[in-house]
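Engineer: Sharing a structure below in structure tokens format, with a few things to ask.
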Amino acid sequence: VQLQASGGGVVQAGGSLRLSCAASGHNPKITNLGWFRQAPGKEREFIAQISSSGRRTVYSDSKKGRFTISRDNANGTVYLEMNNLNSEDTAVYYCAGKWGSAWVAWGQGTQVTVSS
């Protein structure tokens, strides 16, 4: 499966942004989809994941409340809605596909920059 993230850009502090990740191809073993981010000089961190049906979600504790993951299986897209953004949210955001317990498919990333 190929993943293509989009929707990044420059947003003012306090603003909102919605990222999209289009999935193409088919691999029935890849079920959950998720979002990660990597800020300059920091390790990649998990944000959220969503089950194949969209009914189950898991969030990083620090992202609960401001970030919402969703998916539209009809058009093969997973979304990340981000609200009340601050400078610490500046990072490259990646979508990923999960096989079992491993994240095996990665998109190319989309840059989010929060200006103060």
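Each chain in the structure tokens gets a letter, A, B, ..., in the order shown, and its residues are numbered from 1; ligands are numbered from 1 in order too.
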List the spatial neighbours of Ile30 in chain A as a list in words - criterion: any atom at most 10 Å away, only C-alpha atoms, same-chain residues fewer than 3 positions off excluded.
Structural biologist: Val1, His26, Asn27, Leu33, Ser52, Ala96, Gly97, Lys98, Trp99, Gly100, Ala102, Trp103, Val104 and Ala105 of chain A
Engineer: Neighbours of Gly109 in chain A within 7 Å (only C-alpha atoms; same-chain residues fewer than 4 positions away dropped), as a list in words?
Structural biologist: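 Counting only C-alpha atoms, the residues come to Ala5, Val92, Tyr93 and Tyr94 of chain A.
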Engineer: DSSP on the backbone, then: every residue of range 20-84 of chain A marked strand (DSSP E or B), written as a PyMOL selection string.
Structural biologist: chain A and resi 20-24+30-38+45-50+57-59+67-72+77-82
Engineer: Please report the interatomic distance between CA of Val112 in chain A and CA of Arg71 in chain A in Å with one decimal.
Structural biologist: 20.1 Å
Engineer: Name all residues at most 8 Å from range 60-70 of chain A (count only C-alpha atoms; drop same-chain ones fewer than 2 positions away) and give them as a PyMOL selection string.
Structural biologist: chain A and resi 46-50+54+57-58+72+78-84
Engineer: So how many Å separate CA of Gly15 in chain A and CA of Ser53 in chain A, to one decimal?
Structural biologist: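 It comes out at 29.3 Å.
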Engineer: Which residue out of A:Ala74, A:Ala22, A:Val10, A:Val114 has the minimum interatomic distance to Cys95 in chain A when only C-alpha atoms are used?
Structural biologist: A:Ala22
Engineer: Quick one: residues within 9 Å of Ala13 in chain A, only C-alpha atoms, excluding same-chain residues fewer than 2 positions away - as a list in words?
Structural biologist: Val11, Gly15, Ser16, Asn84, Leu85, Asn86, Ser87, Val114, Ser115 and Ser116 of chain A
Engineer: Would you output that residue set with C-alpha atoms, as a compact mmCIF listing (two decimals), in the first residue's frame?
Structural biologist:
# COMPACT_ATOMS: atom_id res chain seq x y z
CA VAL A 11 -0.63 28.23 10.46
CA GLY A 15 -5.20 27.88 14.58
CA SER A 16 -6.33 24.58 13.12
CA ASN A 84 -5.28 25.02 19.01
CA LEU A 85 -1.85 24.55 17.47
CA ASN A 86 1.28 25.91 19.11
CA SER A 87 4.93 26.18 18.18
CA VAL A 114 3.11 26.97 13.51
CA SER A 115 4.02 30.65 13.63
CA SER A 116 3.69 32.73 16.78
Engineer: Where in chain A does DSSP assign helix (DSSP H, G or I), given as a list of chain:residue names?
Structural biologist: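 After running DSSP on the backbone, chain A has helix (DSSP H, G or I) at A:Asp61, A:Ser62, A:Lys63, A:Ser87, A:Glu88, A:Asp89.
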Engineer: Can I get the selection written as a compact mmCIF listing (two decimals), in the first residue's frame, with C-alpha atoms?
Structural biologist:
# COMPACT_ATOMS: atom_id res chain seq x y z
CA ASP A 61 -1.89 10.90 25.97
CA SER A 62 -0.37 14.27 25.14
CA LYS A 63 -2.44 14.61 21.96
CA SER A 87 4.93 26.18 18.18
CA GLU A 88 5.68 22.76 19.67
CA ASP A 89 3.45 21.21 17.02
Engineer: Counting only C-alpha atoms, which residue out of A:Arg44, A:Asn75, A:Cys21, A:Gln111 sits closest to Leu3 in chain A?
Structural biologist: A:Cys21
Engineer: For a test of reading the model, state the distance in Å between CA of Gly14 in chain A and CA of Thr110 in chain A, rounded to one decimal.
Structural biologist: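 It comes out at 19.4 Å.
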